[in-house]
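Peer 1: Next comes model-v3.txt, compact mmCIF, C-alpha atoms:
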```
# COMPACT_ATOMS: atom_id res chain seq x y z
CA MET A 1 76.62 27.73 78.28
CA SER A 2 76.77 27.16 82.01
CA ASP A 3 75.81 23.77 83.43
CA GLN A 4 73.93 25.59 86.20
CA THR A 5 70.25 24.66 86.09
CA HIS A 6 68.85 27.35 88.36
CA ILE A 7 69.05 31.09 88.95
CA PRO A 8 71.83 31.97 91.44
CA ALA A 9 71.23 34.23 94.44
CA SER A 10 73.76 36.69 92.98
CA SER A 11 71.30 37.50 90.16
CA LEU A 12 68.78 38.81 92.66
CA GLU A 13 71.45 40.54 94.73
CA PHE A 14 72.60 42.46 91.67
CA LEU A 15 69.05 43.74 91.12
CA LYS A 16 68.81 44.83 94.76
CA SER A 17 72.04 46.80 94.42
CA LEU A 18 70.87 48.30 91.13
CA ARG A 19 67.61 49.41 92.76
CA GLN A 20 69.64 51.37 95.32
CA ASN A 21 72.10 52.74 92.75
CA ASN A 22 70.03 53.29 89.63
CA ASN A 23 72.42 55.58 87.78
CA ARG A 24 74.81 55.28 84.88
CA ASP A 25 78.01 55.79 86.87
CA TRP A 26 77.26 52.87 89.19
CA PHE A 27 76.04 50.67 86.34
CA ASN A 28 79.11 51.33 84.20
CA ALA A 29 81.37 50.57 87.17
CA HIS A 30 79.57 47.22 87.61
CA LYS A 31 79.16 46.37 83.91
CA ASP A 32 81.15 43.13 84.18
CA GLU A 33 78.95 42.00 87.05
CA PHE A 34 75.86 42.84 85.03
CA ILE A 35 77.10 40.81 82.06
CA GLU A 36 77.86 37.82 84.29
CA GLU A 37 74.41 37.89 85.91
CA GLN A 38 72.66 38.44 82.61
CA ASN A 39 74.43 35.36 81.29
CA HIS A 40 72.91 33.32 84.13
CA ILE A 41 69.44 34.54 83.14
CA GLU A 42 70.11 33.85 79.46
CA ASN A 43 71.14 30.29 80.35
CA PHE A 44 68.03 29.81 82.46
CA ALA A 45 65.82 31.21 79.68
CA GLY A 46 67.48 28.86 77.21
CA MET A 47 66.69 25.86 79.39
CA LEU A 48 63.12 27.08 79.85
CA LEU A 49 62.80 27.46 76.07
CA ALA A 50 63.95 23.86 75.59
CA GLU A 51 61.30 22.68 78.08
CA LEU A 52 58.63 24.78 76.37
CA ASN A 53 59.43 23.31 72.97
CA VAL A 54 58.62 19.84 74.29
CA HIS A 55 54.92 20.71 74.54
CA ASP A 56 54.58 23.78 72.28
CA LEU A 57 56.18 25.26 69.16
CA ILE A 58 58.11 28.44 69.91
CA GLU A 59 59.60 30.76 67.30
CA THR A 60 61.86 32.63 69.76
CA PRO A 61 65.26 31.21 68.69
CA SER A 62 67.17 31.30 71.99
CA GLY A 63 67.13 32.24 75.63
CA LYS A 64 69.29 35.24 74.80
CA LYS A 65 66.78 36.45 72.19
CA SER A 66 63.93 36.08 74.70
CA LEU A 67 65.42 38.59 77.14
CA GLN A 68 64.19 42.18 77.26
CA ARG A 69 66.72 44.99 77.53
CA ILE A 70 67.52 46.27 81.02
CA TYR A 71 67.67 49.84 79.69
CA ARG A 72 64.47 51.80 80.30
CA ASP A 73 62.84 54.03 77.68
CA THR A 74 62.43 57.22 79.73
CA ARG A 75 61.28 59.53 76.92
CA PHE A 76 57.62 59.56 77.95
CA SER A 77 57.97 58.58 81.61
CA THR A 78 58.10 60.71 84.75
CA ASN A 79 60.41 58.05 86.19
CA LYS A 80 63.81 58.94 84.72
CA THR A 81 65.84 56.13 86.31
CA PRO A 82 67.80 54.60 83.41
CA TYR A 83 67.56 50.90 84.27
CA LYS A 84 64.90 48.30 84.98
CA THR A 85 65.34 46.51 88.30
CA ASN A 86 64.17 43.15 87.02
CA TRP A 87 65.13 40.44 84.55
CA SER A 88 62.37 39.70 82.07
CA GLY A 89 61.71 37.98 78.79
CA GLY A 90 59.09 36.48 76.53
CA PHE A 91 58.57 33.55 74.17
CA SER A 92 56.49 33.81 70.99
CA ARG A 93 54.41 30.86 69.83
CA ALA A 94 55.12 29.87 66.23
CA THR A 95 52.75 30.46 63.31
CA GLY A 96 49.57 32.54 63.26
CA GLN A 97 47.52 29.52 64.33
CA ARG A 98 48.97 29.57 67.84
CA ARG A 99 47.81 32.60 69.78
CA GLY A 100 48.94 33.81 73.19
CA GLY A 101 52.41 34.60 74.52
CA TYR A 102 54.62 33.54 77.43
CA TYR A 103 56.41 35.96 79.78
CA PHE A 104 58.71 35.70 82.82
CA HIS A 105 59.58 38.47 85.28
CA ILE A 106 62.32 38.04 87.89
CA GLU A 107 62.45 40.79 90.53
CA PRO A 108 63.20 40.66 94.27
CA GLY A 109 59.85 40.43 96.03
CA ASN A 110 57.86 40.66 92.78
CA SER A 111 58.55 37.68 90.52
CA PHE A 112 55.93 36.04 88.36
CA ILE A 113 55.27 33.89 85.33
CA ALA A 114 52.55 35.21 83.04
CA GLY A 115 50.92 34.81 79.68
CA GLY A 116 47.85 35.62 77.65
CA PHE A 117 46.54 38.50 75.57
CA TRP A 118 47.73 41.95 76.63
CA ALA A 119 46.12 44.15 73.96
CA PRO A 120 43.77 42.31 71.57
CA ASN A 121 43.03 44.35 68.46
CA PRO A 122 39.37 45.40 67.93
CA GLN A 123 38.74 42.63 65.40
CA ASP A 124 40.07 39.92 67.73
CA MET A 125 38.21 41.44 70.69
CA LYS A 126 34.93 41.27 68.74
CA ARG A 127 35.51 37.61 67.83
CA ILE A 128 36.31 36.72 71.44
CA ARG A 129 33.24 38.47 72.83
CA ASP A 130 30.94 37.06 70.16
CA ASP A 131 32.06 33.53 70.98
CA ILE A 132 31.77 34.04 74.73
CA SER A 133 28.27 35.50 74.36
CA PHE A 134 27.18 32.64 72.08
CA ASP A 135 28.35 29.97 74.54
CA PRO A 136 30.37 30.90 77.66
CA GLU A 137 30.54 27.35 79.02
CA PRO A 138 33.74 26.21 77.25
CA LEU A 139 35.62 29.16 78.73
CA ARG A 140 34.00 28.78 82.15
CA LYS A 141 35.00 25.11 82.18
CA ILE A 142 38.64 26.06 81.59
CA LEU A 143 38.59 28.81 84.23
CA LYS A 144 37.07 26.42 86.80
CA SER A 145 39.42 23.52 86.05
CA LYS A 146 41.65 22.25 88.84
CA SER A 147 44.89 23.00 86.99
CA PHE A 148 43.81 26.57 86.18
CA VAL A 149 42.57 27.46 89.67
CA SER A 150 45.57 25.90 91.44
CA THR A 151 48.04 27.66 89.13
CA PHE A 152 46.47 31.04 88.38
CA GLY A 153 43.52 31.44 90.73
CA THR A 154 41.39 33.61 88.46
CA LEU A 155 41.58 35.25 85.07
CA GLY A 156 43.33 38.63 85.25
CA GLY A 157 43.37 41.74 83.12
CA GLU A 158 41.65 45.11 82.81
CA GLN A 159 37.85 45.14 82.59
CA LEU A 160 35.25 47.60 81.42
CA LYS A 161 33.09 49.14 84.12
CA THR A 162 30.20 49.30 81.65
CA THR A 163 28.67 46.92 79.12
CA PRO A 164 30.75 46.50 75.95
CA LYS A 165 29.18 48.13 72.89
CA GLY A 166 26.82 45.83 71.03
CA PHE A 167 26.16 43.49 73.96
CA ASP A 168 23.35 43.16 76.49
CA ALA A 169 23.93 44.20 80.11
CA ASN A 170 21.84 41.17 81.10
CA ASP A 171 23.94 38.69 79.10
CA GLU A 172 24.68 35.64 81.27
CA ALA A 173 28.37 36.05 80.42
CA ILE A 174 28.58 39.80 81.12
CA ASP A 175 31.31 39.15 83.73
CA LEU A 176 33.51 37.66 81.00
CA LEU A 177 32.46 40.08 78.27
CA ARG A 178 33.79 43.03 80.25
CA TYR A 179 37.41 41.84 79.98
CA LYS A 180 39.68 44.00 77.80
CA GLN A 181 42.74 41.86 78.55
CA PHE A 182 43.03 38.15 79.26
CA LEU A 183 46.01 37.53 81.52
CA LEU A 184 47.20 34.47 83.43
CA SER A 185 49.75 35.06 86.18
CA ARG A 186 51.42 33.10 88.97
CA LYS A 187 53.56 34.77 91.61
CA PHE A 188 56.78 33.27 93.04
CA THR A 189 58.74 34.09 96.18
CA ASP A 190 62.47 34.80 96.06
CA ALA A 191 63.10 31.39 97.63
CA GLN A 192 61.08 29.70 94.90
CA ILE A 193 62.92 31.63 92.19
CA LEU A 194 66.29 30.46 93.53
CA SER A 195 65.17 26.86 94.00
CA PRO A 196 66.42 24.15 91.60
CA ALA A 197 62.72 23.30 91.16
CA PHE A 198 61.91 26.68 89.60
CA LEU A 199 62.70 25.55 86.04
CA SER A 200 60.13 22.75 86.20
CA GLU A 201 57.58 24.97 88.02
CA ALA A 202 57.95 27.74 85.44
CA ASN A 203 57.52 25.22 82.64
CA LEU A 204 54.47 23.67 84.35
CA THR A 205 52.97 27.15 84.71
CA PHE A 206 53.35 27.73 80.98
CA LYS A 207 51.99 24.27 80.23
CA ASN A 208 48.86 24.96 82.30
CA MET A 209 48.10 27.95 80.06
CA ARG A 210 47.56 25.70 77.05
CA PRO A 211 43.82 24.91 77.43
CA PHE A 212 43.13 28.65 77.54
CA PHE A 213 45.49 29.35 74.64
CA ASP A 214 43.95 26.53 72.58
CA TYR A 215 40.46 27.90 73.20
CA MET A 216 41.49 31.42 72.15
CA SER A 217 43.46 30.17 69.14
CA GLU A 218 40.44 28.35 67.78
CA ILE A 219 38.22 31.43 68.16
CA LEU A 220 40.76 33.70 66.50
CA THR A 221 41.92 31.50 63.61
CA ILE A 222 38.87 29.45 62.54
CA ASP A 223 35.51 30.73 61.29
CA ALA A 224 32.03 29.36 62.08
CA ASP A 225 32.39 26.81 59.24
CA GLY A 226 35.67 25.47 60.59
CA LEU A 227 37.76 27.17 57.91
CA ASP A 228 40.96 29.11 58.53
CA LEU A 229 40.45 32.85 58.73
```
Just give me the structure as structure tokens.
Peer 2:
Amino acid sequence: MSDQTHIPASSLEFLKSLRQNNNRDWFNAHKDEFIEEQNHIENFAGMLLAELNVHDLIETPSGKKSLQRIYRDTRFSTNKTPYKTNWSGGFSRATGQRRGGYYFHIEPGNSFIAGGFWAPNPQDMKRIRDDISFDPEPLRKILKSKSFVSTFGTLGGEQLKTTPKGFDANDEAIDLLRYKQFLLSRKFTDAQILSPAFLSEANLTFKNMRPFFDYMSEILTIDADGLDL
């Protein structure tokens, strides 16, 4: 493992070149360069995983295992370019009692750290909405907290344009009940990505997701009597 503690500029430069030459001939000619840059990202992800495990329990075994493949699945896409032009990866929280997932996306001009609930199943969605409708204040308190607002701004994710089935359009929490996804995201500039401080900022961003994750985990794993589902 490299002793480098930050992402080098060459890792972004490779992506810029790949964006301009997104074809197999160019990629195969630069395969060694790709492997070298991917190793830098693996090392960074490994260090981020170690930081995450200080304040959470992660089942992803290594930085290398967290990385997503750079090869695109073009079977059902109109975009037939064969490669992604970003580095990305995710960390899974351990055991069914810890809900929510962590994600990082490194791309020139479009880098971000994110987490949350991308596609809750219908059963989970019902539990979440029932709890919000019963008492929205615990969630509102989290969304209004200083750490949440300064890190993420607002809650993101797709929303229904209409009232969710089984709920009242006049519910005081209708703004929250319309969410279909619950996403937390923080953008970073290229300069921030390349800074030695990025490791600690990425870790802090993940850490600031915890109150929201803890709230969701309790809803989704414990019934009204306090027993495990």
Peer 1: Using only C-alpha atoms, which residue out of A:Pro211, A:Pro136, A:Pro164, A:Gly116 lies closest to Ser185 of chain A?
Peer 2: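 Among the listed residues, the smallest separation from Ser185 of chain A belongs to A:Gly116.
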Peer 1: Could you please determine the separation between atom CA of Leu155 of chain A and atom CA of Gln181 of chain A in Å, to one decimal place?
Peer 2: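 Computing the Euclidean distance for atom CA of Leu155 of chain A and atom CA of Gln181 of chain A yields 9.4 Å.
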Peer 1: Using only C-alpha atoms, determine which residues lie at most 10 Å from Phe152 of chain A, disregarding the query and same-chain residues fewer than 5 positions distant; provide the list as a list of chain:residue names.
Peer 2: A:Ile113, A:Ala114, A:Leu143, A:Ser147, A:Leu183, A:Leu184, A:Ser185, A:Arg186, A:Lys187, A:Thr205, A:Asn208, A:Met209
Peer 1: Report, in Å with one decimal, the straight-line distance from atom CA of Arg127 of chain A to atom CA of Asp171 of chain A.
Peer 2: 16.2 Å
Peer 1: At a cut-off of 9 Å, using only C-alpha atoms, what residues contact segment 53-58 of chain A? Leave out same-chain residues fewer than 5 positions from it and give the result as a PDB file with C-alpha atoms, in the coordinates of the input.
Peer 2:
```
ATOM      1  CA  LEU A  48      63.120  27.080  79.850  1.00  0.00           C
ATOM      2  CA  PHE A  91      58.570  33.550  74.170  1.00  0.00           C
ATOM      3  CA  SER A  92      56.490  33.810  70.990  1.00  0.00           C
ATOM      4  CA  ARG A  93      54.410  30.860  69.830  1.00  0.00           C
ATOM      5  CA  ALA A  94      55.120  29.870  66.230  1.00  0.00           C
ATOM      6  CA  THR A  95      52.750  30.460  63.310  1.00  0.00           C
ATOM      7  CA  ARG A  98      48.970  29.570  67.840  1.00  0.00           C
ATOM      8  CA  LYS A 207      51.990  24.270  80.230  1.00  0.00           C
ATOM      9  CA  ARG A 210      47.560  25.700  77.050  1.00  0.00           C
TER      10      ARG A 210
END
```
Peer 1: Just the residues within 9 Å of Asn22 of chain A, please, counting all atoms listed in the file, with nothing from its chain fewer than 4 positions along; format it as a PyMOL selection string.
Peer 2: chain A and resi 17-18+26-27+81-85
Peer 1: With all atoms listed in the file as the counted atoms, please give the residues lying no more than 12 Å from Phe198 of chain A, apart from itself and same-chain residues fewer than 5 positions off, as a PyMOL selection string.
Peer 2: chain A and resi 5-8+44-45+47-48+104+106+111-113+187-193+203-205
Peer 1: For atom CA of Ser150 of chain A and atom CA of Phe212 of chain A, quote the distance in Å rounded to one decimal.
Peer 2: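 Calculated distance between atom CA of Ser150 of chain A and atom CA of Phe212 of chain A is 14.4 Å.
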Peer 1: Quick one: everything within 10 Å of Gln38 of chain A, counting all atoms listed in the file, minus sequence neighbours fewer than 6 positions away in the same chain. Send it as a list in words.
Peer 2: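 Counting only the stated atoms, we get Ser11, Phe14, Asp32, Phe44, Lys64, Leu67, Ile70 and Trp87 of chain A.
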Peer 1: Could you check which of A:Ser133, A:Gln123, A:Thr154, A:Ser145 is closest to Asn170 of chain A, using all atoms listed in the file?
Peer 2: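 Using all atoms listed in the file, the shortest distance to Asn170 of chain A belongs to A:Ser133.
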Peer 1: Which residues, protein or nucleic acid, reach to within 6 Å of (36.7, 35.0, 73.8) in the file's coordinates when using all atoms listed in the file, and can you give that as an MDAnalysis selection string?
Peer 2: chainID A and resid 128:129 131:132
Peer 1: Between A:Lys146, A:Phe76, A:Lys31, A:Gly89, which one has atoms that come closest to Tyr102 of chain A, using only C-alpha atoms?
Peer 2: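 Between A:Lys146, A:Phe76, A:Lys31, A:Gly89, the residue approaching Tyr102 of chain A most closely is A:Gly89.
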